[in-house]
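Engineer: Let me begin by handing over the structure; questions about it come next.
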Amino acid sequence: MPLIPIIRADPTGDFQDAVNKASTILLAGGLVAYPTESFYGLAADSTNENAIRRLFLVKQRSPGRPLLILIPSVEALDSYVAYIPPIARQLIDEFWPGSLTLVFEADPKVSSLLTAGTDKIGIRLSSHPIATALAQAIGAPITGTSANISGKPACKNAGEVLGAFKEWVDLILDAGATPGKVGSTVLDITVDPPQVLREGMVQKRDLEKYLSV
């Protein structure tokens, strides 16, 4: 019997029951490991500060490092950002859902635990059906940080998550192996021209027309 409950969640099949069980845990302040386009992620309800604090503790992550969030829909974006620059709409149309994280000026209600005091928040609409279904199920963004101890390799399957966290996570949604390799690309659109903070699945050359002065 594993120390962390593991539920199979087939992204090509009916995974709603698994997502419903995971959402109950998230709404109660728990942590759930889930698949994304690249690695497994570690979800907390991004509106629950106690859950966010627990996530930092479990990951052994410095509170000085911000956390990105995965929103349930494009329409939800307005609720979490102070301003949507015109270029954001172009980027969203081309790259969402997908692996481009956009950094916005955060709405004042976004927890400073997520922004690490920067007043900026990284946001993405995931193209992985389970990741987005989780956010939709709780009616709020979930944290999009990778499921790993900080400084250690990101986990690509449920077994690696189990090995990394032992009993410290409340549920693993097992969707099989994820592609791994690199994470999302992070693009700061609060500056002009936008600045690539981390190159990942979306390559810099794909963004060139948005990066010119």
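In the structure tokens, the first chain shown is A, the next is B, and so on; residue numbers restart at 1 for each chain, and ligands run from 1 in the order shown.
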Running DSSP on the backbone, which parts of region 7-192 of chain A land in alpha helix (DSSP H), as a ChimeraX atom specification?

Structural biologist: /A:16-27,49-59,86-95,112-115,129-138,158-165

Engineer: With C-alpha atoms kept, could you save the residues just selected as a compact mmCIF listing (two decimals), in the first residue's frame?

Structural biologist:
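Result went into again.txt, see below:
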```
# COMPACT_ATOMS: atom_id res chain seq x y z
CA GLN A 16 -13.77 13.13 -14.16
CA ASP A 17 -14.24 10.90 -11.10
CA ALA A 18 -10.52 11.13 -10.34
CA VAL A 19 -10.61 14.91 -10.79
CA ASN A 20 -13.63 15.20 -8.49
CA LYS A 21 -11.79 13.32 -5.73
CA ALA A 22 -8.73 15.51 -6.24
CA SER A 23 -10.80 18.70 -6.14
CA THR A 24 -12.28 17.71 -2.76
CA ILE A 25 -8.74 17.41 -1.41
CA LEU A 26 -7.67 20.75 -2.92
CA LEU A 27 -10.70 22.58 -1.52
CA GLU A 49 -2.73 30.75 1.74
CA ASN A 50 -2.38 27.90 4.22
CA ALA A 51 -2.24 25.43 1.33
CA ILE A 52 0.35 27.57 -0.44
CA ARG A 53 2.50 27.72 2.70
CA ARG A 54 2.29 23.94 3.00
CA LEU A 55 3.35 23.58 -0.64
CA PHE A 56 6.47 25.67 -0.02
CA LEU A 57 7.27 23.56 3.02
CA VAL A 58 6.77 20.23 1.23
CA LYS A 59 8.84 21.30 -1.78
CA PRO A 86 -2.76 44.33 -25.95
CA ILE A 87 0.12 41.99 -26.78
CA ALA A 88 -1.27 39.48 -24.30
CA ARG A 89 -4.32 38.89 -26.46
CA GLN A 90 -2.15 38.08 -29.45
CA LEU A 91 -0.01 35.67 -27.43
CA ILE A 92 -3.05 34.02 -25.88
CA ASP A 93 -4.66 33.53 -29.28
CA GLU A 94 -1.52 31.87 -30.62
CA PHE A 95 -0.16 29.90 -27.66
CA SER A 112 1.91 37.78 -2.10
CA LEU A 113 3.01 34.20 -1.37
CA LEU A 114 2.47 33.49 -5.07
CA THR A 115 4.15 36.67 -6.31
CA PRO A 129 -6.94 18.14 -20.00
CA ILE A 130 -6.44 16.94 -16.43
CA ALA A 131 -4.57 20.06 -15.31
CA THR A 132 -7.28 22.34 -16.67
CA ALA A 133 -10.07 20.11 -15.35
CA LEU A 134 -8.63 20.41 -11.84
CA ALA A 135 -8.75 24.21 -11.97
CA GLN A 136 -12.27 24.08 -13.38
CA ALA A 137 -13.38 21.67 -10.66
CA ILE A 138 -12.35 24.00 -7.83
CA ALA A 158 3.73 8.81 -10.47
CA GLY A 159 6.50 6.57 -9.13
CA GLU A 160 8.99 9.43 -9.14
CA VAL A 161 6.47 11.66 -7.34
CA LEU A 162 5.93 8.98 -4.71
CA GLY A 163 9.67 8.60 -4.24
CA ALA A 164 10.16 12.34 -3.87
CA PHE A 165 7.40 13.10 -1.41
```

Engineer: Which parts of region 64-186 of chain A does DSSP call strand (DSSP E or B) when run on the backbone here, written out as number ranges by chain?

Structural biologist: A: 69-70, 81, 100-106, 120-124, 142-143, 145-146, 171-174, 185-186

Engineer: For the residues in the current selection, export N, CA and C atoms as an mmCIF file, in the first residue's frame.

Structural biologist:
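Writing done, so here's again_15.cif:
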```cif
data_model
loop_
_atom_site.group_PDB
_atom_site.id
_atom_site.type_symbol
_atom_site.label_atom_id
_atom_site.label_comp_id
_atom_site.auth_asym_id
_atom_site.auth_seq_id
_atom_site.Cartn_x
_atom_site.Cartn_y
_atom_site.Cartn_z
ATOM 1 N N ILE A 69 0.544 30.087 -11.739
ATOM 2 C CA ILE A 69 -0.762 29.459 -11.558
ATOM 3 C C ILE A 69 -1.345 29.048 -12.907
ATOM 4 N N LEU A 70 -2.179 28.011 -12.870
ATOM 5 C CA LEU A 70 -2.897 27.528 -14.043
ATOM 6 C C LEU A 70 -4.366 27.886 -13.877
ATOM 7 N N VAL A 81 -5.364 39.420 -12.763
ATOM 8 C CA VAL A 81 -4.358 40.374 -13.236
ATOM 9 C C VAL A 81 -4.897 41.789 -13.120
ATOM 10 N N LEU A 100 3.083 28.215 -22.731
ATOM 11 C CA LEU A 100 3.636 29.558 -22.564
ATOM 12 C C LEU A 100 3.031 30.186 -21.324
ATOM 13 N N THR A 101 3.880 30.446 -20.339
ATOM 14 C CA THR A 101 3.467 31.156 -19.125
ATOM 15 C C THR A 101 3.705 32.642 -19.335
ATOM 16 N N LEU A 102 2.663 33.431 -19.141
ATOM 17 C CA LEU A 102 2.765 34.882 -19.296
ATOM 18 C C LEU A 102 2.787 35.531 -17.918
ATOM 19 N N VAL A 103 3.715 36.464 -17.729
ATOM 20 C CA VAL A 103 3.845 37.165 -16.454
ATOM 21 C C VAL A 103 3.149 38.516 -16.574
ATOM 22 N N PHE A 104 2.132 38.718 -15.709
ATOM 23 C CA PHE A 104 1.313 39.926 -15.681
ATOM 24 C C PHE A 104 1.542 40.688 -14.374
ATOM 25 N N GLU A 105 1.087 41.933 -14.360
ATOM 26 C CA GLU A 105 0.926 42.639 -13.090
ATOM 27 C C GLU A 105 -0.238 41.967 -12.365
ATOM 28 N N ALA A 106 -0.007 41.557 -11.113
ATOM 29 C CA ALA A 106 -1.007 40.798 -10.381
ATOM 30 C C ALA A 106 -2.117 41.694 -9.844
ATOM 31 N N LYS A 120 3.908 40.639 -9.412
ATOM 32 C CA LYS A 120 3.730 40.030 -10.729
ATOM 33 C C LYS A 120 3.337 38.564 -10.542
ATOM 34 N N ILE A 121 2.545 38.054 -11.485
ATOM 35 C CA ILE A 121 2.092 36.665 -11.388
ATOM 36 C C ILE A 121 2.200 35.981 -12.754
ATOM 37 N N GLY A 122 2.797 34.811 -12.768
ATOM 38 C CA GLY A 122 2.882 34.004 -13.976
ATOM 39 C C GLY A 122 1.625 33.163 -14.121
ATOM 40 N N ILE A 123 1.035 33.205 -15.305
ATOM 41 C CA ILE A 123 -0.251 32.541 -15.538
ATOM 42 C C ILE A 123 -0.200 31.768 -16.849
ATOM 43 N N ARG A 124 -0.848 30.608 -16.826
ATOM 44 C CA ARG A 124 -0.921 29.774 -18.029
ATOM 45 C C ARG A 124 -2.264 29.064 -18.073
ATOM 46 N N ILE A 142 -5.004 26.666 -9.954
ATOM 47 C CA ILE A 142 -4.162 25.791 -9.145
ATOM 48 C C ILE A 142 -2.710 26.209 -9.347
ATOM 49 N N THR A 143 -1.871 25.897 -8.384
ATOM 50 C CA THR A 143 -0.449 26.189 -8.550
ATOM 51 C C THR A 143 0.136 25.292 -9.641
ATOM 52 N N THR A 145 3.554 24.747 -10.118
ATOM 53 C CA THR A 145 4.948 24.386 -9.861
ATOM 54 C C THR A 145 5.174 22.898 -10.100
ATOM 55 N N SER A 146 6.381 22.524 -10.471
ATOM 56 C CA SER A 146 6.671 21.115 -10.733
ATOM 57 C C SER A 146 6.657 20.303 -9.447
ATOM 58 N N LEU A 171 -2.508 13.197 -2.648
ATOM 59 C CA LEU A 171 -3.019 12.368 -3.745
ATOM 60 C C LEU A 171 -2.135 12.544 -4.967
ATOM 61 N N ILE A 172 -1.949 11.474 -5.712
ATOM 62 C CA ILE A 172 -1.293 11.528 -7.014
ATOM 63 C C ILE A 172 -2.289 11.083 -8.070
ATOM 64 N N LEU A 173 -2.485 11.908 -9.083
ATOM 65 C CA LEU A 173 -3.268 11.509 -10.248
ATOM 66 C C LEU A 173 -2.302 10.922 -11.264
ATOM 67 N N ASP A 174 -2.385 9.625 -11.463
ATOM 68 C CA ASP A 174 -1.439 8.892 -12.304
ATOM 69 C C ASP A 174 -1.963 8.818 -13.731
ATOM 70 N N THR A 185 7.680 27.793 -21.190
ATOM 71 C CA THR A 185 8.434 29.025 -21.412
ATOM 72 C C THR A 185 7.772 30.138 -20.622
ATOM 73 N N VAL A 186 8.575 30.964 -19.967
ATOM 74 C CA VAL A 186 8.039 32.058 -19.147
ATOM 75 C C VAL A 186 8.397 33.389 -19.815
#
```

Engineer: Do you have the CA of Tyr83 (chain A)-CA of Ser38 (chain A) distance handy?

Structural biologist: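 Computed distance, CA of Tyr83 (chain A) to CA of Ser38 (chain A), equals 28.4 Å.
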
Engineer: Given only C-alpha atoms as the basis, pick out the residue of A:Val110, A:Asp14, A:Ala147, A:Ile84 nearest to Val169 (chain A).

Structural biologist: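 So, comparing all the options, the nearest one is A:Ala147.
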
Engineer: May I have the residues within 8 Å of Phe39 (chain A) as a list in words, using only C-alpha atoms and disregarding those fewer than 3 positions away in the same chain?

Structural biologist: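 The residues satisfying every condition are Pro35, Thr36, Ser146, Ala147, Ala154, Cys155, Lys156, Asn157, Thr178, Pro179, Gly180 and Gly183 of chain A.
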
Engineer: I'd like the neighbourhood of Gln195 (chain A) as a list in words, where a residue qualifies if any of its atoms comes within 12 Å (using only C-alpha atoms), though same-chain residues fewer than 2 positions away should be ignored.

Structural biologist: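 Neighbouring residues, sequence-local ones excluded: Thr101, Leu102, Val103, Phe104, Thr185, Val186, Leu187, Asp188, Ile189, Thr190, Val191, Asp192, Pro193, Leu197, Arg198, Glu199, Lys204, Leu207, Glu208, Tyr210, Leu211, Ser212 and Val213 of chain A.
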
Engineer: Using only C-alpha atoms, please write the residues we just selected to a file, as a CSV table (one decimal), in the first residue's frame.

Structural biologist:
```
chain,number,residue,atom,x,y,z
A,101,THR,CA,3.5,31.2,-19.1
A,102,LEU,CA,2.8,34.9,-19.3
A,103,VAL,CA,3.8,37.2,-16.5
A,104,PHE,CA,1.3,39.9,-15.7
A,185,THR,CA,8.4,29.0,-21.4
A,186,VAL,CA,8.0,32.1,-19.1
A,187,LEU,CA,7.5,35.4,-20.8
A,188,ASP,CA,7.3,38.7,-18.9
A,189,ILE,CA,4.8,41.0,-20.7
A,190,THR,CA,5.0,43.7,-18.1
A,191,VAL,CA,8.0,45.1,-19.9
A,192,ASP,CA,8.3,46.4,-23.5
A,193,PRO,CA,9.6,44.5,-25.3
A,197,LEU,CA,12.7,34.7,-18.3
A,198,ARG,CA,12.9,31.0,-19.1
A,199,GLU,CA,13.0,29.3,-22.5
A,204,LYS,CA,12.4,31.8,-28.5
A,207,LEU,CA,8.2,34.4,-30.1
A,208,GLU,CA,10.6,36.6,-32.1
A,210,TYR,CA,6.7,39.7,-30.1
A,211,LEU,CA,10.1,40.4,-28.8
A,212,SER,CA,11.2,43.1,-31.3
A,213,VAL,CA,11.2,46.7,-30.0
```

Engineer: Kindly give the distance, in Å, that separates CA of Leu77 (chain A) and CA of Asp107 (chain A), rounded to a single decimal.

Structural biologist: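 Between these atoms lies a distance of 10.1 Å.
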
Engineer: Which distance in Å separates CA of Ala28 (chain A) and CA of Lys109 (chain A), to one decimal?

Structural biologist: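 According to the coordinates, CA of Ala28 (chain A) and CA of Lys109 (chain A) are separated by 20.2 Å.
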
Engineer: For each of A:Tyr80, A:Phe15, A:Trp96, A:Trp168, take the minimum atom-to-atom distance to Leu42 (chain A), counting only C-alpha atoms, then give the residue where this is smallest.

Structural biologist: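 Under the stated criterion, the closest residue is A:Trp168.
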
Engineer: Taking into account only C-alpha atoms, which residue in the set A:Lys152, A:Lys166, A:Lys181, A:Arg205 is nearest to Gln60 (chain A)?

Structural biologist: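 Distance minimum relative to Gln60 (chain A) lands on A:Lys152.
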